[in-house]
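The structure appears below as structure tokens.
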Amino acid sequence: MIDQNKIPCHIAIVMDGNGRWAKKRNLPHLAGHNAGMGAMKEIIKKSSALGVEHLTVYAFSTENWKRAADEVNGIFKLLVLYVDKELEELHENNVKVKILGDYRALPKFAVERIEKAVQRTQDNTGMQFNIALNYGGRDEVVRAVKDICEQIKDGSLLPEQVTEETISERLYTGKNFANVPDPDLVIRTSGEMRISNYLLWQSAYSEFVFTDVLWPDFTPLDLEKAIFEYQNRERRFGGR
Ligand code: IPE
Ligand code: IPE
Ligand code: MG
């Protein structure tokens, strides 16, 4: 079905619909997040097997702090549980874990375990698995702009030297950070057709695939369907 020679280099996913999945089953919201971790595990495996070079998942946005403290902490706990349980398997599969976002603002227990996962896998050469955690597209642009302003102030950069690259390299995906190319394909589950502050700068020319499937129900076959749809798009990048 899908063309093995045209696998997107970078797939970015907005894993949405955990709450609705739980609600449908009369379960607490966190049960949906827990089920979502299970879906994520399968999608990581499948992506790696397909030869995807970068998989980026939106795990927690800078706006998700607006949710109840119980839910927020529950999400972090589930994430840590996932990392603890799966770290060795990720490592064996040569997966390199990177974080996009201000994860240091998370509770200490989460920061420690996340850093452990990043360090443990840092020399791996297989798929790079980027977790967008306390990530916001606007937030990272603000951070980049502040950094540029500081450099202009101290004279190490001139305004006329500022290019797209000057901004790109200062984003979480930039050369000095996680070093991730722009996403080729952005998938959002659960029927919502918005970007919700995800990879705003980086998705300038990404292909978008939206599906009604709720994230915990999203299977490797759904991933293949999204890739198939991507492979049948014509990317023009503004050219003719
Ligand atoms: C997405 O699921 C996961 C996070 C935002 C952490 P939601 O919790 O947003 O699920 P819905 O949108 O309420 O169904
Ligand atoms: C986007 O989903 C963030 C993550 C999946 C982590 P949200 O559920 O937070 O987005 P909105 O509120 O529907 O835009
Ligand atoms: Mg949602």
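By convention in this document, the chains of the structure tokens carry letters A, B, ... by their order, each chain's residues are numbered from 1, and ligands are numbered from 1 in the order they are shown.
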
request  = Could you please extract the residues within 10 Å of ligand 3, counting only C-alpha atoms and all ligand atoms, and hand them back as a ChimeraX atom specification?
outcome  = /A:14-20,64,189-192,196,214-215

Could you save the residues just selected, with C-alpha atoms, as a PDB file, in the first residue's frame?
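Wrote it out as part-v2.pdb, contents follow:
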```pdb
ATOM      1  CA  VAL A  14      -0.978  16.006  17.878  1.00  0.00           C
ATOM      2  CA  MET A  15      -2.168  13.165  20.089  1.00  0.00           C
ATOM      3  CA  ASP A  16      -5.661  14.470  20.811  1.00  0.00           C
ATOM      4  CA  GLY A  17      -8.879  12.850  22.021  1.00  0.00           C
ATOM      5  CA  ASN A  18      -7.835  11.083  25.222  1.00  0.00           C
ATOM      6  CA  GLY A  19     -10.574  12.796  27.220  1.00  0.00           C
ATOM      7  CA  ARG A  20     -13.320  11.921  24.748  1.00  0.00           C
ATOM      8  CA  ASN A  64      -2.286  22.597  29.129  1.00  0.00           C
ATOM      9  CA  THR A 189      -6.377  12.874  15.740  1.00  0.00           C
ATOM     10  CA  SER A 190      -9.892  13.263  17.183  1.00  0.00           C
ATOM     11  CA  GLY A 191     -11.420  15.430  14.463  1.00  0.00           C
ATOM     12  CA  GLU A 192     -10.095  18.791  15.647  1.00  0.00           C
ATOM     13  CA  SER A 196      -3.032  24.434  18.858  1.00  0.00           C
ATOM     14  CA  LEU A 214      -9.389   9.324  18.956  1.00  0.00           C
ATOM     15  CA  TRP A 215      -5.721   9.061  19.928  1.00  0.00           C
TER      16      TRP A 215
END
```

message = I'd like the contact shell of range 4-6 of chain A - 10 Å cut-off, only C-alpha atoms, skipping same-chain residues fewer than 5 positions apart - returned as JSON, numbers by chain.
response = {"A": [50, 51, 227, 228, 230, 231]}

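Across the structure, CA of Ala117 in chain A and atom 11 (P, counted along the ligand's line) of ligand 2 are spaced 27.6 Å apart.
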
query = What lies within 12 Å of Ala144 in chain A using only C-alpha atoms, ignoring chain neighbours under 2 positions off, as an MDAnalysis selection string?
reply = chainID A and resid 137:142 146:151 162 164:174 176:177 201

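Between atom 11 (P, counted along the ligand's line) of ligand 2 and CA of Glu63 in chain A there is a distance of 8.6 Å.
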
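Comparing A:Lys24, A:His29, A:Arg143, A:Lys108 by their smallest distance to Ala68 in chain A, the closest is A:His29 (using only C-alpha atoms).
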
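Minimum atom-to-atom distances from A:Tyr58, A:Pro181, A:Ile13, A:Gly32 to Phe208 in chain A were compared using only C-alpha atoms, and the lowest value belongs to A:Ile13.
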
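If you look at CA of Asp123 in chain A and CA of Val111 in chain A, they are 19.9 Å away from each other.
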
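Among the candidate residues A:Leu90, A:Ile99, A:Ile152, A:Met1, the one lying nearest to Ile114 in chain A is A:Ile99, with distances computed using only C-alpha atoms.
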
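The shortest atom-to-atom distance to ligand 1, with only C-alpha atoms and all ligand atoms taken into account, belongs to A:Ala35 out of A:Leu199, A:Ile2, A:Cys9, A:Ala35.
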
request  = Could you check which of A:Leu87, A:Val186, A:Val57, A:Ala69 is closest to ligand 2, using only C-alpha atoms and all ligand atoms?
outcome  = A:Val57

Considering only C-alpha atoms, return as a PDB file with N, CA, C and O atoms, in the first residue's frame whatever protein or nucleic-acid residues lie within 6 Å of His10 in chain A, sequence-local ones (same chain, fewer than 2 positions apart) excluded.
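This is the output file selection.pdb:
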```
ATOM      1  N   PRO A   8       7.881   9.680   4.907  1.00  0.00           N
ATOM      2  CA  PRO A   8       8.236  11.019   5.398  1.00  0.00           C
ATOM      3  C   PRO A   8       9.385  10.946   6.399  1.00  0.00           C
ATOM      4  O   PRO A   8       9.411  10.058   7.251  1.00  0.00           O
ATOM      5  N   HIS A  54      12.444  10.942  12.135  1.00  0.00           N
ATOM      6  CA  HIS A  54      12.020  11.734  13.294  1.00  0.00           C
ATOM      7  C   HIS A  54      10.531  11.559  13.539  1.00  0.00           C
ATOM      8  O   HIS A  54       9.727  11.757  12.617  1.00  0.00           O
ATOM      9  N   LEU A  55      10.195  11.201  14.773  1.00  0.00           N
ATOM     10  CA  LEU A  55       8.797  11.169  15.190  1.00  0.00           C
ATOM     11  C   LEU A  55       8.676  12.151  16.346  1.00  0.00           C
ATOM     12  O   LEU A  55       9.412  12.055  17.330  1.00  0.00           O
ATOM     13  N   PRO A 183       8.776  19.258   9.939  1.00  0.00           N
ATOM     14  CA  PRO A 183       7.948  18.065   9.712  1.00  0.00           C
ATOM     15  C   PRO A 183       7.436  18.000   8.274  1.00  0.00           C
ATOM     16  O   PRO A 183       7.037  19.008   7.697  1.00  0.00           O
ATOM     17  N   ASP A 184       7.477  16.805   7.696  1.00  0.00           N
ATOM     18  CA  ASP A 184       6.893  16.601   6.364  1.00  0.00           C
ATOM     19  C   ASP A 184       5.397  16.383   6.513  1.00  0.00           C
ATOM     20  O   ASP A 184       4.612  16.847   5.696  1.00  0.00           O
TER      21      ASP A 184
END
```

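When only C-alpha atoms and all ligand atoms are used to compute distances to ligand 2, the closest of the residues A:Lys98, A:Lys41, A:Lys66, A:Lys23 turns out to be A:Lys66.
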
Give me, as a PDB file with N, CA, C and O atoms, in the first residue's frame, all polymer residues having an atom no more than 10 Å from Glu112 in chain A, counting only C-alpha atoms and skipping those fewer than 6 positions away in the same chain.
```pdb
ATOM      1  N   VAL A  80       6.179   9.537  33.027  1.00  0.00           N
ATOM      2  CA  VAL A  80       7.340   8.989  33.724  1.00  0.00           C
ATOM      3  C   VAL A  80       7.232   7.465  33.814  1.00  0.00           C
ATOM      4  O   VAL A  80       8.206   6.740  33.592  1.00  0.00           O
ATOM      5  N   ARG A 104      12.011  21.677  32.002  1.00  0.00           N
ATOM      6  CA  ARG A 104      12.575  21.912  33.342  1.00  0.00           C
ATOM      7  C   ARG A 104      11.570  22.549  34.290  1.00  0.00           C
ATOM      8  O   ARG A 104      11.770  22.551  35.495  1.00  0.00           O
ATOM      9  N   LEU A 106       8.727  21.310  34.784  1.00  0.00           N
ATOM     10  CA  LEU A 106       7.908  20.210  35.300  1.00  0.00           C
ATOM     11  C   LEU A 106       8.352  19.857  36.729  1.00  0.00           C
ATOM     12  O   LEU A 106       9.429  20.254  37.154  1.00  0.00           O
TER      13      LEU A 106
END
```
